[in-house]
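Working notes, beginning with the structure itself.
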Amino acid sequence: MQNTAQKLFSTAIIGALLASCSVFDGARNSSGNSAGSSAGSGGSVGSGSIGSGSFGNKRSDEEIGAAKTAVVDNRGLVPVIKSAKLDRTKDGYILRVIGGVDRTGYYDVELVARNFGEDDENGALIYDFRANVPNPGIDVPTERSKEIYAGVFIPIDTYLQANTISVQALQNNLRVTR
């Protein structure tokens with residue numbers, strides 16, 4: 001008897017969940033409630049608000065494209081580039097860059113590639129050396145603590161298409177020879 005009651009309860013729960021999902025729109029009437037959702041449960045299970053989220057929502061490509069926005073990088077350029085070099089790997093190259101800063105605390109350091117290959121006829125692969133700048137007033141005790149490091153992987157096909165590879169900082173830029 002208890003096993004039968006458990007089966008009926010789990011069947012009722014699964015039925016209520018399926019009725020409330022917006023994926024099963026064919027089982028809904030025009031008011032948004034599930035057809036037959038009140039049978040055997042003593043009330044309306046699917047009220048239309050449970051399944052009306054993004055699950056199963058069919059949006060057109062135009063709506064999705066309009067919802068996308070451009071991401072703005074608010075990080076500043078690192079003041080100076082001290083060195084840059086390319087290291088060969090199995091699948092491409094790693095560009096390693098050392099930057100010089102005036103104080104400690106720079107964070108979120110990254111080499112950000114500009115749009116390579118879209119508008120550039122010269123084949124220049126340019127990276128901006130970006131980081132978030134710390135609050136002023138932090139002393140720098142040693143020369144080693146005035147350095148920050150960043151690296152980026154360059155696939156072999158991108159490397160072969162590029163005529164020049166350069167890294168841009170606030171006060172200088174460096175070209176890396178192939």
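Chain identifiers are assigned as A, B, and so on, following the order in which chains appear in the structure tokens; residues are numbered from 1 within each chain, and ligands are numbered from 1 in order of appearance.
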- Query: If you count only C-alpha atoms, which residues fall within 12 Å of range 143-158 of chain A, apart from same-chain ones fewer than 6 positions away, as a ChimeraX atom specification?
  - Reply: /A:78-113,116-117,123-133,164-165,167
- What is the CA of Asn115 in chain A to CA of Pro134 in chain A distance in Å? 27.8 Å
